[in-house]
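**Student:** Coordinates in run_8.cif, mmCIF, C-alpha atoms, are listed below.
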data_start
loop_
_atom_site.label_atom_id
_atom_site.label_comp_id
_atom_site.auth_asym_id
_atom_site.auth_seq_id
_atom_site.Cartn_x
_atom_site.Cartn_y
_atom_site.Cartn_z
CA MET A 232 0.00 0.00 0.00
CA GLU A 233 2.80 2.39 0.88
CA ASN A 234 4.26 2.30 -2.63
CA LEU A 235 0.99 3.39 -4.24
CA PHE A 236 0.97 6.90 -2.79
CA PRO A 237 4.30 7.84 -4.47
CA ILE A 238 2.83 6.72 -7.82
CA LEU A 239 -0.19 9.00 -7.26
CA LEU A 240 1.91 11.99 -6.21
CA GLY A 241 4.41 11.36 -8.99
CA THR A 242 1.84 11.23 -11.77
CA ILE A 243 0.01 14.32 -10.51
CA ILE A 244 2.97 16.64 -9.99
CA ILE A 245 6.51 15.35 -10.35
CA ASN A 246 6.14 13.35 -13.56
CA ASN A 247 3.14 15.33 -14.78
CA LEU A 248 2.76 14.17 -18.39
CA ALA A 249 1.77 17.47 -19.99
CA LEU A 250 4.28 19.57 -18.06
CA THR A 251 7.38 17.35 -18.16
CA LYS A 252 7.07 15.00 -21.16
CA LEU A 253 6.51 17.61 -23.93
CA VAL A 254 3.17 16.11 -24.93
CA SER A 255 -0.12 17.83 -25.67
CA ILE A 256 1.28 21.40 -25.60
CA GLY A 257 -0.40 22.30 -28.89
CA GLN A 258 -3.80 21.63 -27.36
CA LEU A 259 -3.00 23.23 -23.99
CA ALA A 260 -1.91 26.39 -25.79
CA ASN A 261 -5.02 26.69 -27.95
CA PHE A 262 -8.14 25.25 -26.34
CA GLY A 263 -10.59 27.31 -24.31
CA ASP A 264 -11.18 31.06 -24.30
CA ASN A 265 -11.98 31.57 -20.64
CA GLU A 266 -11.85 29.82 -17.28
CA ASP A 267 -15.13 27.93 -17.64
CA GLN A 268 -14.32 26.62 -21.11
CA THR A 269 -10.80 25.56 -20.09
CA LEU A 270 -12.20 23.76 -17.05
CA CYS A 271 -14.80 21.97 -19.18
CA ILE A 272 -12.20 20.89 -21.77
CA GLY A 273 -9.72 19.87 -19.06
CA LEU A 274 -12.30 17.80 -17.20
CA SER A 275 -13.40 16.10 -20.44
CA ALA A 276 -9.77 15.33 -21.29
CA ALA A 277 -9.18 13.91 -17.80
CA VAL A 278 -12.25 11.67 -17.98
CA ILE A 279 -11.33 10.46 -21.48
CA MET A 280 -7.77 9.74 -20.31
CA ALA A 281 -8.86 7.74 -17.25
CA ILE A 282 -11.48 5.64 -19.03
CA SER A 283 -9.50 4.99 -22.22
CA ASN A 284 -6.35 4.07 -20.27
CA ILE A 285 -8.18 1.39 -18.27
CA LEU A 286 -10.02 0.08 -21.35
CA SER A 287 -6.83 -0.04 -23.44
CA TYR A 288 -4.99 -1.92 -20.68
CA VAL A 289 -7.82 -4.46 -20.52
CA ALA A 290 -7.93 -4.75 -24.32
CA PHE A 291 -4.17 -5.29 -24.52
CA THR A 292 -3.94 -7.80 -21.65
CA PHE A 293 -7.01 -9.88 -22.42
CA VAL A 294 -7.43 -9.58 -26.19
CA LEU A 295 -4.38 -8.38 -28.11
CA GLU A 296 -1.69 -10.29 -26.23
CA PRO A 297 -3.41 -13.72 -25.91
CA LEU A 298 -4.44 -13.62 -29.57
CA ASN A 299 -0.92 -12.50 -30.57
CA VAL A 300 -2.12 -9.51 -32.60
CA THR A 301 -0.18 -6.76 -30.81
CA VAL A 302 0.59 -5.29 -34.24
CA LEU A 303 -2.92 -3.83 -34.18
CA ASN A 304 -2.23 -1.94 -30.93
CA LEU A 305 -2.30 1.63 -32.28
CA LEU A 306 -5.56 1.11 -34.18
CA VAL A 307 -7.26 -0.42 -31.14
CA TYR A 308 -6.06 2.32 -28.75
CA ILE A 309 -7.08 5.12 -31.10
CA LEU A 310 -10.48 3.49 -31.60
CA ILE A 311 -10.99 3.25 -27.82
CA VAL A 312 -9.93 6.89 -27.30
CA LEU A 313 -12.17 8.00 -30.16
CA LEU A 314 -15.23 6.17 -28.83
CA THR A 315 -14.65 7.51 -25.30
CA THR A 316 -14.30 11.03 -26.72
CA MET A 317 -17.58 10.63 -28.60
CA ALA A 318 -19.32 9.41 -25.45
CA VAL A 319 -18.03 12.36 -23.39
CA THR A 320 -18.94 14.81 -26.17
CA GLY A 321 -22.44 13.34 -26.33
CA TYR A 322 -22.80 13.62 -22.55
CA ILE A 323 -21.81 17.31 -22.61
CA ARG A 324 -24.14 17.97 -25.54
CA SER A 325 -27.12 16.53 -23.67
CA LYS A 326 -26.36 17.90 -20.17
CA LYS A 327 -24.79 21.30 -20.91
CA PRO A 328 -26.01 22.51 -24.31
CA GLU A 329 -24.81 26.09 -23.77
CA MET A 330 -21.27 24.87 -22.93
CA TYR A 331 -21.37 22.54 -25.94
CA GLY A 332 -22.11 25.53 -28.15
CA ALA A 333 -18.87 27.16 -27.00
CA VAL A 334 -16.47 24.20 -26.95
CA GLY A 335 -18.26 21.72 -29.23
CA LYS A 336 -15.80 22.28 -32.06
CA VAL A 337 -12.66 21.41 -30.12
CA LEU A 338 -14.02 18.55 -27.97
CA PRO A 339 -13.73 15.89 -30.74
CA LEU A 340 -10.09 16.90 -31.19
CA LEU A 341 -9.33 15.64 -27.67
CA ALA A 342 -9.20 12.22 -29.35
CA VAL A 343 -5.84 13.28 -30.83
CA ASN A 344 -4.48 14.58 -27.52
CA SER A 345 -0.96 13.15 -27.41
CA ALA A 346 -0.89 12.94 -23.58
CA ILE A 347 -3.69 10.36 -23.64
CA LEU A 348 -1.96 8.07 -26.15
CA TYR A 349 1.41 8.64 -24.42
CA LEU A 350 -0.02 7.38 -21.12
CA ILE A 351 -1.58 4.30 -22.76
CA LEU A 352 1.64 3.36 -24.59
CA ASP A 353 3.81 4.10 -21.55
CA VAL A 354 1.73 2.01 -19.13
CA ILE A 355 1.76 -0.96 -21.49
CA ASN A 356 5.48 -0.59 -22.34
CA GLN A 357 6.34 -0.64 -18.63
CA GLY A 358 4.31 -3.83 -18.16
CA MET A 359 2.50 -2.43 -15.09
CA ASP A 360 0.30 -4.58 -12.88
CA PHE A 361 -3.40 -3.86 -12.54
CA LEU A 362 -3.31 -1.87 -9.27
CA PRO A 363 -0.47 0.53 -10.17
CA MET A 364 -2.17 1.00 -13.57
CA LEU A 365 -5.40 1.93 -11.77
CA ILE A 366 -3.60 4.47 -9.56
CA THR A 367 -1.83 5.90 -12.62
CA SER A 368 -5.19 6.22 -14.37
CA ILE A 369 -6.38 8.32 -11.43
CA GLY A 370 -3.24 10.42 -10.99
CA ALA A 371 -2.32 11.23 -14.58
CA PRO A 372 -5.74 12.68 -15.53
CA ILE A 373 -5.64 14.92 -12.43
CA GLY A 374 -2.22 16.05 -13.63
CA LEU A 375 -3.60 16.76 -17.10
CA LEU A 376 -6.48 18.78 -15.60
CA LEU A 377 -3.93 20.71 -13.52
CA ALA A 378 -1.93 21.47 -16.66
CA PHE A 379 -5.05 22.67 -18.51
CA ILE A 380 -5.94 25.00 -15.62
CA LEU A 381 -2.35 26.30 -15.33
CA TYR A 382 -2.08 27.02 -19.05
CA GLY A 383 -5.53 28.65 -19.06
CA ALA A 384 -4.51 30.95 -16.23
CA VAL A 385 -1.22 31.82 -17.92
CA ARG A 386 -3.01 32.59 -21.20
CA GLU A 387 -5.47 34.90 -19.42
CA ARG A 388 -2.59 36.72 -17.74
CA LEU A 389 -0.61 36.97 -21.00
CA ALA A 390 -3.62 38.48 -22.78
CA ILE A 391 -3.15 41.68 -20.79
CA ALA A 392 0.67 41.56 -20.69
CA ASP A 393 2.84 43.73 -22.90
CA THR A 394 4.67 40.93 -24.73
CA PRO A 395 7.18 41.81 -27.50
CA LYS A 396 5.37 41.44 -30.80
CA PRO A 397 7.24 38.44 -32.31
CA PHE A 398 6.73 36.50 -29.07
CA ARG A 399 2.96 36.97 -28.94
CA GLY A 400 0.96 33.78 -29.10
CA LEU A 401 2.77 30.47 -29.08
CA PRO A 402 6.43 31.49 -28.37
CA ILE A 403 5.81 33.14 -25.00
CA LEU A 404 3.71 30.15 -23.90
CA LEU A 405 6.56 27.82 -24.85
CA ILE A 406 8.93 29.88 -22.70
CA TYR A 407 6.45 29.57 -19.84
CA ALA A 408 6.36 25.81 -20.45
CA ALA A 409 10.17 25.65 -20.33
CA LEU A 410 10.24 27.52 -17.00
CA ALA A 411 7.53 25.27 -15.55
CA LEU A 412 9.46 22.19 -16.67
CA MET A 413 12.69 23.44 -15.08
CA ALA A 414 10.86 24.26 -11.86
CA LEU A 415 9.28 20.80 -11.72
CA SER A 416 12.61 19.10 -12.41
CA GLY A 417 13.72 20.52 -9.05
CA LEU A 418 11.28 18.10 -7.43
CA ASN A 419 12.99 15.05 -8.99
CA GLY A 420 14.21 12.62 -6.37
CA ILE A 421 11.64 13.44 -3.71
CA ILE A 422 9.97 10.07 -4.22
CA MET B 231 -8.29 24.91 -34.06
CA ASN B 232 -11.29 26.79 -35.50
CA ARG B 233 -9.05 29.33 -37.13
CA LEU B 234 -7.41 26.58 -39.22
CA GLU B 235 -10.41 26.70 -41.51
CA ASN B 236 -9.44 30.01 -43.06
CA THR B 237 -5.66 30.17 -42.61
CA LYS B 238 -3.19 29.66 -45.40
CA ILE B 239 -0.06 27.68 -44.55
CA GLY B 240 3.27 29.36 -45.27
CA PHE B 241 6.97 28.99 -44.48
CA LEU B 242 7.65 32.08 -42.37
CA ARG B 243 4.15 33.41 -41.90
CA ASN B 244 1.86 30.73 -40.43
CA ASN B 245 4.47 28.00 -40.36
CA PRO B 246 2.47 24.87 -39.38
CA VAL B 247 4.49 24.05 -36.27
CA LEU B 248 5.92 27.42 -35.22
CA GLY B 249 2.85 29.54 -35.92
CA LEU B 250 -0.15 27.23 -35.76
CA SER B 251 1.16 24.67 -33.22
CA LEU B 252 0.40 21.65 -35.43
CA GLY B 253 2.42 18.55 -34.60
CA LEU B 254 4.20 20.28 -31.74
CA THR B 255 4.82 17.11 -29.68
CA THR B 256 6.88 15.43 -32.40
CA ALA B 257 8.72 18.66 -33.20
CA LEU B 258 9.75 19.10 -29.56
CA ALA B 259 10.69 15.50 -28.91
CA VAL B 260 12.74 14.52 -31.98
CA THR B 261 14.85 17.66 -32.50
CA PHE B 262 17.56 16.72 -29.96
CA SER B 263 19.78 15.62 -32.85
CA MET B 264 19.71 16.51 -36.51
CA THR B 265 19.79 12.85 -37.58
CA SER B 266 16.52 12.01 -35.82
CA ALA B 267 14.92 15.31 -36.84
CA VAL B 268 15.66 14.68 -40.52
CA GLY B 269 14.61 11.03 -40.25
CA ILE B 270 11.28 11.74 -38.56
CA GLY B 271 10.75 14.89 -40.67
CA VAL B 272 11.06 12.92 -43.91
CA LEU B 273 8.86 10.13 -42.52
CA THR B 274 6.23 12.71 -41.53
CA PHE B 275 6.45 14.29 -44.99
CA VAL B 276 5.80 10.93 -46.66
CA LEU B 277 2.93 10.19 -44.26
CA ILE B 278 1.46 13.64 -44.99
CA LEU B 279 1.45 12.92 -48.74
CA ALA B 280 -0.15 9.50 -48.18
CA ALA B 281 -2.69 11.04 -45.79
CA ALA B 282 -3.62 13.74 -48.31
CA LEU B 283 -4.18 11.15 -51.05
CA LEU B 284 -6.18 8.73 -48.90
CA GLY B 285 -8.04 11.56 -47.16
CA GLY B 286 -9.22 12.84 -50.53
CA LEU B 287 -10.52 9.39 -51.42
CA VAL B 288 -12.22 8.95 -48.03
CA LYS B 289 -13.97 12.27 -48.49
CA MET B 290 -15.78 10.94 -51.55
CA VAL B 291 -17.54 8.21 -49.58
CA ALA B 292 -17.65 9.36 -45.93
CA PRO B 293 -20.49 11.63 -44.76
CA LYS B 294 -19.41 15.08 -43.62
CA GLU B 295 -20.17 14.49 -39.90
CA ALA B 296 -18.04 11.34 -39.82
CA LEU B 297 -15.06 12.90 -41.60
CA LEU B 298 -13.02 13.65 -38.47
CA PRO B 299 -13.33 10.21 -36.78
CA VAL B 300 -12.67 8.37 -40.04
CA ASN B 301 -9.60 10.50 -40.72
CA ILE B 302 -8.26 9.94 -37.19
CA ILE B 303 -8.39 6.17 -37.75
CA LEU B 304 -6.77 6.66 -41.17
CA VAL B 305 -3.88 8.56 -39.57
CA ALA B 306 -3.44 5.83 -36.94
CA PHE B 307 -3.28 3.24 -39.71
CA LEU B 308 -0.65 5.27 -41.61
CA ALA B 309 1.39 5.87 -38.45
CA LYS B 310 1.44 2.14 -37.71
CA ILE B 311 2.75 1.45 -41.23
CA GLY B 312 5.37 4.15 -40.74
CA GLU B 313 6.39 2.70 -37.38
CA LEU B 314 6.77 -0.80 -38.80
CA LEU B 315 8.83 0.51 -41.76
CA VAL B 316 11.16 2.43 -39.43
CA LEU B 317 11.54 -0.59 -37.13
CA ALA B 318 12.45 -2.72 -40.15
CA TYR B 319 14.78 -0.40 -42.08
CA ALA B 320 16.12 2.16 -39.56
CA PRO B 321 16.18 0.48 -36.12
CA GLY B 322 18.69 3.05 -34.84
CA LEU B 323 16.22 5.86 -35.46
CA ALA B 324 13.45 3.89 -33.74
CA THR B 325 15.54 3.40 -30.58
CA SER B 326 16.64 7.03 -30.39
CA VAL B 327 13.09 8.40 -30.83
CA GLY B 328 11.42 5.74 -28.69
CA ILE B 329 7.77 6.24 -27.74
CA PHE B 330 7.41 9.31 -29.97
CA LEU B 331 7.44 7.12 -33.08
CA PRO B 332 4.01 5.52 -32.40
CA LEU B 333 2.83 8.94 -31.15
CA LEU B 334 2.84 10.06 -34.81
CA ALA B 335 -0.67 8.54 -34.78
CA VAL B 336 -1.93 11.63 -32.94
CA ASN B 337 0.20 14.13 -34.86
CA SER B 338 -2.20 16.90 -35.81
CA ILE B 339 -0.27 17.93 -38.94
CA ILE B 340 -0.97 14.55 -40.56
CA LEU B 341 -4.61 14.91 -39.51
CA TYR B 342 -4.62 18.41 -41.01
CA ALA B 343 -3.25 17.00 -44.26
CA THR B 344 -6.14 14.56 -44.64
CA GLY B 345 -8.41 17.59 -45.14
CA ALA B 346 -10.52 16.89 -42.03
CA PHE B 347 -10.64 20.61 -41.27
CA HIS B 348 -11.45 21.66 -44.85
CA ALA B 349 -14.59 19.75 -45.76
CA GLU B 350 -15.41 21.91 -48.80
CA GLU B 351 -12.06 22.06 -50.60
CA SER B 352 -11.23 19.94 -53.62
CA MET B 353 -8.74 17.07 -53.54
CA GLY B 354 -6.13 18.93 -55.58
CA GLN B 355 -6.26 21.96 -53.30
CA ILE B 356 -5.88 19.75 -50.20
CA PHE B 357 -2.92 17.94 -51.76
CA ALA B 358 -1.19 21.23 -52.61
CA ASP B 359 -1.77 22.48 -49.06
CA ALA B 360 -0.42 19.23 -47.63
CA VAL B 361 2.80 19.39 -49.68
CA LYS B 362 3.37 22.97 -48.51
CA ALA B 363 2.63 22.10 -44.87
CA GLY B 364 4.94 19.08 -44.96
CA ALA B 365 7.81 21.03 -46.49
CA ALA B 366 7.40 23.87 -43.99
CA TYR B 367 7.29 21.34 -41.13
CA LEU B 368 10.50 19.67 -42.32
CA ALA B 369 12.22 23.08 -42.66
CA ALA B 370 11.20 24.08 -39.12
CA LEU B 371 12.39 20.76 -37.70
CA ILE B 372 15.79 21.13 -39.39
CA CYS B 373 16.19 24.74 -38.11
CA VAL B 374 15.32 23.82 -34.52
CA SER B 375 17.44 20.66 -34.45
CA PHE B 376 20.44 22.50 -35.97
CA ILE B 377 20.44 25.08 -33.15
CA ARG B 378 19.80 22.50 -30.44
CA GLU B 379 22.54 20.11 -31.52
CA LEU B 380 25.03 22.91 -32.13
CA LEU B 381 24.53 24.48 -28.69
CA GLY B 382 24.04 21.20 -26.87
CA THR B 383 26.93 19.14 -28.20
CA GLY B 384 29.17 21.73 -29.84
CA GLY B 385 28.90 20.43 -33.39
CA ILE B 386 26.69 18.73 -35.94
CA SER B 387 26.97 15.11 -36.96
CA LEU B 388 24.40 14.14 -39.58
CA GLN B 389 24.05 10.44 -40.32
CA ASN B 390 22.00 8.56 -42.85
CA PRO B 391 19.16 7.07 -40.76
CA LEU B 392 18.87 4.05 -43.06
CA SER B 393 22.49 2.90 -43.18
CA GLY B 394 24.11 4.70 -40.24
CA ASN B 395 26.87 6.15 -42.44
CA GLU B 396 27.99 9.66 -41.64
CA ILE B 397 26.99 12.28 -44.24
CA PHE B 398 28.84 15.23 -42.76
CA SER B 399 29.99 16.46 -39.37
CA PHE B 400 31.83 19.41 -37.90
CA SER B 401 32.64 20.72 -34.46
CA LEU B 402 32.49 24.41 -33.63
CA ILE B 403 32.28 24.88 -29.87
CA PRO B 404 34.87 23.28 -27.54
CA SER B 405 33.29 20.71 -25.27
CA GLU B 406 33.88 22.79 -22.09
CA PHE B 407 31.53 25.49 -23.38
CA THR B 408 28.54 23.41 -24.53
CA LEU B 409 25.19 23.69 -22.72
CA SER B 410 23.68 20.26 -22.27
CA LEU B 411 20.39 21.97 -21.34
CA PHE B 412 19.66 22.34 -25.05
CA THR B 413 19.56 18.60 -25.70
CA GLN B 414 17.05 18.18 -22.85
CA PRO B 415 13.26 18.84 -22.94
CA ALA B 416 13.49 22.35 -21.42
CA GLY B 417 15.97 23.34 -24.14
CA ALA B 418 13.55 22.05 -26.77
CA LEU B 419 10.85 24.44 -25.54
CA LEU B 420 13.25 27.40 -25.32
CA VAL B 421 14.78 26.90 -28.77
CA LEU B 422 11.40 26.29 -30.40
CA ALA B 423 10.07 29.47 -28.80
CA LEU B 424 13.04 31.51 -30.03
CA VAL B 425 12.90 30.08 -33.56
CA ALA B 426 9.14 30.69 -33.67
CA ALA B 427 9.68 34.31 -32.57
CA LEU B 428 12.40 34.70 -35.22
CA PHE B 429 10.14 33.30 -37.96
CA ALA B 430 7.29 35.55 -36.77
CA ALA B 431 9.54 38.61 -36.81
CA PHE B 432 10.69 37.90 -40.37
CA GLY B 433 7.24 36.87 -41.57
CA LYS B 434 5.53 39.90 -40.01
CA GLN B 435 2.89 37.65 -38.56
CA ASP B 436 0.01 39.24 -36.66
CA VAL B 437 -0.70 36.70 -33.95
CA GLU B 438 -3.76 37.33 -31.86
CA MET B 439 -2.90 38.25 -28.31
CA GLY B 440 -3.05 35.60 -25.64
CA GLY B 441 -2.08 32.67 -27.84
CA LYS B 442 -5.51 31.96 -29.16
#
Please rewrite the model in this file as C-alpha cells.

**Tutor:**
Amino acid sequence: MENLFPILLGTIIINNLALTKLVSIGQLANFGDNEDQTLCIGLSAAVIMAISNILSYVAFTFVLEPLNVTVLNLLVYILIVLLTTMAVTGYIRSKKPEMYGAVGKVLPLLAVNSAILYLILDVINQGMDFLPMLITSIGAPIGLLLAFILYGAVRERLAIADTPKPFRGLPILLIYAALALMALSGLNGII
Amino acid sequence: MNRLENTKIGFLRNNPVLGLSLGLTTALAVTFSMTSAVGIGVLTFVLILAAALLGGLVKMVAPKEALLPVNIILVAFLAKIGELLVLAYAPGLATSVGIFLPLLAVNSIILYATGAFHAEESMGQIFADAVKAGAAYLAALICVSFIRELLGTGGISLQNPLSGNEIFSFSLIPSEFTLSLFTQPAGALLVLALVAALFAAFGKQDVEMGGK
C-alpha cells in the first residue's frame, strides 16, 4: 500500500505528463477562451484519459496479447480513445447545451491529444500490474487537468501583458512551459 | 483549431508548427539531434502525402459528420505502417526516438493533411496544401534541431538514418563550453520558442494576443 501513494503523487505533480514529457502542448496552448471553457475541456480530457487508459490496458492484456495480434495496438487504442471522446462529447451535448455551443468544435479533437496516447503506450510498455495501472489512471488525468488549468490561467494573464510582438501567441507560452518544466525538475528525487 | 479553416499555410508566416502549433509534440521530442529530426521529418512528410491522397478518397464516400473520426483512424493506420517501416529499415532511429514514433498517430499535422478541417475544398487543393505544410514542417524541424545540436553538443553530426553512415559532421564549440540543457526537454521548448519568434519577426505575422 505504501508504494501506491508515491505513484499517485508522482503522476500528478513530479512526472506530470503534460508539463514534463513535452506532450499535448499544442492543445493546452489553444483550447478554451476563458476559465469555464478551459475547465470543461480539461475535465473532459481527464475523464477520457482515465477511461481509455483502463479500457486499453484491458484490451491489450485480455485480447491483443493472448491472440498474438499486438501489431494492431495503435488502431485499437485510437479506436478506444475516439469512442470515449464521442461518449463524453455526447454527454456534454445533452447535459450542458450552452457549454457545448462554445467548446463543441474542439471537444472531438481531444481524441488526438498526445498525452492520452502517451499514457496508454507508456503504461503498457512498462508492463505495469493492474493496481499501479489503476492508480496511474487516477493520478495522470488529475495532472492533465492541472496542466489545462495552469495554461488557461497563464493565457489569461498573457492576454493583458505587454509581450514583445514576435513573441505573442505560441512562443511566450513555450517559454512559460520551459520555465515550468525546469521548476518541476527541481522536485525530482523526492519520491 | 477553429481558425485553421481560413488560414493559409506558409513557411515564415503561419508555419504549421511554429505559428499554428500543429504537430508540436513530435517537433519538440525529436529535435535533440539533426539525424533524428531529418529522419522523422522525412517520414512525416511521406505520411502527410499519403494522408492527403487517402483523405481525398475517403472524403468521396464518408459523410461530412463522420469525416473527423474516419480520418483519425486513417492517420493511426498510416502511423502504424510508418512505425513498422522504421523498425524494419532504420532500427537506430526507432531506438533514439522511442515512444514518440508511435505517437505520430496523434500528430495533428498529418490529420490536417487529410483535409478533415477543410470539408469543402477539392482534392487537388488539399494535396497542394499538404505538400506545402509538410515542407514547412520539415524546414522548421531542421532549423530547430540545428540550433539544439550545435549548442548542446558543440557540433553537428548528420548520419544517414537508413544505413548509419555519416553524411557530414563538424565541431564548432569546444566541449567545455557546450550547454547540455539544449539537448534536454526544457531546451527544446526554449529553442522552439526563439525560432518561432524569429520566424514571426521575419514573416511579419500578426498573432492574436493571448495565444488563441

**Student:** Using only C-alpha atoms, which protein or nucleic acid residues come within 7 Å of stretch 405-414 of chain A? Drop anything in the same chain fewer than 4 positions from it, and give the result as a list in words.

**Tutor:**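 Here the answer would be Leu250, Thr251 and Leu401 of chain A; Ala416, Leu419, Leu420 and Ala423 of chain B.
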
**Student:** Could the residues of chain B that have an atom at most 8 Å from chain A be listed as a tab-separated table, each with its closest atom pair and the distance in Å to one decimal, counting only C-alpha atoms and ordered by chain and ascending residue number?

**Tutor:**
residue	atom	partner	partner_atom	distance
B:Met231	CA	A:Val337	CA	6.8
B:Asn232	CA	A:Lys336	CA	7.2
B:Leu248	CA	A:Leu401	CA	7.5
B:Gly249	CA	A:Leu401	CA	6.9
B:Leu250	CA	A:Leu401	CA	8.0
B:Ser251	CA	A:Gly257	CA	5.2
B:Leu252	CA	A:Gly257	CA	6.6
B:Gly253	CA	A:Gly257	CA	7.4
B:Leu254	CA	A:Gly257	CA	5.8
B:Thr255	CA	A:Val254	CA	5.1
B:Leu258	CA	A:Leu253	CA	6.7
B:Ala259	CA	A:Leu253	CA	6.8
B:Pro299	CA	A:Leu313	CA	7.1
B:Ile302	CA	A:Val343	CA	7.6
B:Ile303	CA	A:Leu306	CA	6.8
B:Ala306	CA	A:Leu306	CA	5.9
B:Phe307	CA	A:Leu306	CA	6.3
B:Lys310	CA	A:Leu305	CA	6.6
B:Ile329	CA	A:Leu352	CA	7.5
B:Pro332	CA	A:Leu305	CA	7.4
B:Leu333	CA	A:Ser345	CA	6.8
B:Ala335	CA	A:Leu305	CA	7.5
B:Val336	CA	A:Val343	CA	4.7
B:Asn337	CA	A:Val343	CA	7.3
B:Ser338	CA	A:Val343	CA	7.2
B:Pro415	CA	A:Leu253	CA	6.9
B:Ala416	CA	A:Ala409	CA	4.8
B:Gly417	CA	A:Ala409	CA	7.3
B:Leu419	CA	A:Ala409	CA	5.4
B:Leu420	CA	A:Ile406	CA	5.6
B:Leu422	CA	A:Pro402	CA	7.5
B:Ala423	CA	A:Pro402	CA	4.2
B:Leu424	CA	A:Pro402	CA	6.8
B:Ala426	CA	A:Pro402	CA	6.0
B:Ala427	CA	A:Pro397	CA	4.8
B:Leu428	CA	A:Pro397	CA	7.0
B:Ala430	CA	A:Pro397	CA	5.3
B:Ala431	CA	A:Pro397	CA	5.1
B:Gln435	CA	A:Pro397	CA	7.7
B:Val437	CA	A:Gly400	CA	5.9
B:Glu438	CA	A:Gly400	CA	6.5
B:Met439	CA	A:Ala390	CA	5.6
B:Gly440	CA	A:Ala390	CA	4.1
B:Gly441	CA	A:Gly400	CA	3.5
B:Lys442	CA	A:Asn261	CA	5.4

**Student:** I would like the residues chosen by the PyMOL selection byres ((chain B and resi 362-370) around 10) on the shown file; could you give them as an mmCIF file with C-alpha atoms, in the coordinates of the input?

**Tutor:**
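Writing done, so here's out_21.cif:
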data_model
loop_
_atom_site.group_PDB
_atom_site.id
_atom_site.type_symbol
_atom_site.label_atom_id
_atom_site.label_comp_id
_atom_site.auth_asym_id
_atom_site.auth_seq_id
_atom_site.Cartn_x
_atom_site.Cartn_y
_atom_site.Cartn_z
ATOM 1 C CA LYS B 238 -3.190 29.660 -45.400
ATOM 2 C CA ILE B 239 -0.060 27.680 -44.550
ATOM 3 C CA GLY B 240 3.270 29.360 -45.270
ATOM 4 C CA PHE B 241 6.970 28.990 -44.480
ATOM 5 C CA LEU B 242 7.650 32.080 -42.370
ATOM 6 C CA ASN B 244 1.860 30.730 -40.430
ATOM 7 C CA ASN B 245 4.470 28.000 -40.360
ATOM 8 C CA PRO B 246 2.470 24.870 -39.380
ATOM 9 C CA VAL B 247 4.490 24.050 -36.270
ATOM 10 C CA LEU B 248 5.920 27.420 -35.220
ATOM 11 C CA LEU B 252 0.400 21.650 -35.430
ATOM 12 C CA GLY B 253 2.420 18.550 -34.600
ATOM 13 C CA LEU B 254 4.200 20.280 -31.740
ATOM 14 C CA ALA B 257 8.720 18.660 -33.200
ATOM 15 C CA THR B 261 14.850 17.660 -32.500
ATOM 16 C CA ALA B 267 14.920 15.310 -36.840
ATOM 17 C CA VAL B 268 15.660 14.680 -40.520
ATOM 18 C CA GLY B 269 14.610 11.030 -40.250
ATOM 19 C CA ILE B 270 11.280 11.740 -38.560
ATOM 20 C CA GLY B 271 10.750 14.890 -40.670
ATOM 21 C CA VAL B 272 11.060 12.920 -43.910
ATOM 22 C CA LEU B 273 8.860 10.130 -42.520
ATOM 23 C CA THR B 274 6.230 12.710 -41.530
ATOM 24 C CA PHE B 275 6.450 14.290 -44.990
ATOM 25 C CA VAL B 276 5.800 10.930 -46.660
ATOM 26 C CA LEU B 277 2.930 10.190 -44.260
ATOM 27 C CA ILE B 278 1.460 13.640 -44.990
ATOM 28 C CA LEU B 279 1.450 12.920 -48.740
ATOM 29 C CA ILE B 339 -0.270 17.930 -38.940
ATOM 30 C CA ILE B 340 -0.970 14.550 -40.560
ATOM 31 C CA TYR B 342 -4.620 18.410 -41.010
ATOM 32 C CA ALA B 343 -3.250 17.000 -44.260
ATOM 33 C CA ILE B 356 -5.880 19.750 -50.200
ATOM 34 C CA PHE B 357 -2.920 17.940 -51.760
ATOM 35 C CA ALA B 358 -1.190 21.230 -52.610
ATOM 36 C CA ASP B 359 -1.770 22.480 -49.060
ATOM 37 C CA ALA B 360 -0.420 19.230 -47.630
ATOM 38 C CA VAL B 361 2.800 19.390 -49.680
ATOM 39 C CA LEU B 371 12.390 20.760 -37.700
ATOM 40 C CA ILE B 372 15.790 21.130 -39.390
ATOM 41 C CA CYS B 373 16.190 24.740 -38.110
ATOM 42 C CA VAL B 374 15.320 23.820 -34.520
ATOM 43 C CA SER B 375 17.440 20.660 -34.450
ATOM 44 C CA PHE B 376 20.440 22.500 -35.970
ATOM 45 C CA LEU B 422 11.400 26.290 -30.400
ATOM 46 C CA VAL B 425 12.900 30.080 -33.560
ATOM 47 C CA ALA B 426 9.140 30.690 -33.670
ATOM 48 C CA PHE B 429 10.140 33.300 -37.960
#

**Student:** Calculate how many Å separate atom CA of B:Val260 from atom CA of B:Thr325, rounding to one decimal.

**Tutor:** 11.6 Å

**Student:** Using the chain letters and numbers from this file, what does the PyMOL selection byres ((chain A and resi 237) around 12) select? Give the answer as an MDAnalysis selection string.

**Tutor:** chainID A and resid 232:236 238:246 363 366:367 370 420:422

**Student:** Kindly give the distance, in Å, that separates atom CA of A:Leu365 and atom CA of A:Gln268, rounded to a single decimal.

**Tutor:** 27.9 Å

**Student:** For A:Ile355, work out the shell of residues within 10 Å, counting all atoms listed in the file and skipping chain neighbours fewer than 5 positions away, then give it as a PyMOL selection string.

**Tutor:** chain A and resi 284+287-288+291-292+350+360+364

**Student:** If I take atom CA of B:Gly312 and atom CA of B:His348, how far is one from the other in Å, to one decimal?

**Tutor:**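 It comes out at 24.6 Å.
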
**Student:** Could you tell me which of A:Leu376, A:Ala371, A:Val289, A:Ile351 comes closest to A:Val312 if we count only C-alpha atoms?

**Tutor:**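 Of A:Leu376, A:Ala371, A:Val289, A:Ile351, the one nearest A:Val312 is A:Ile351, counting only C-alpha atoms.
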
**Student:** For each of B:Val421, B:Met353, B:Ala324, B:Val300, take the minimum atom-to-atom distance to B:Leu287, counting all atoms listed in the file, then give the residue where this is smallest.

**Tutor:**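 Closest to B:Leu287 of all the choices is B:Met353.
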
**Student:** Where does the PyMOL selection byres ((chain A and resi 320) around 9) land in this file, that is, which residues does it pick, as a ChimeraX atom specification?

**Tutor:** /A:275,315-319,321-325,331,335,338-339

**Student:** Box for stretch 262-275 of chain A - axis-aligned, 8 Å on each of the six sides, all listed atoms - centre and size in Å to one decimal, as lines of an AutoDock Vina configuration file.

**Tutor:**
center_x = -11.6
center_y = 23.8
center_z = -21.7
size_x = 23.0
size_y = 31.5
size_z = 25.3
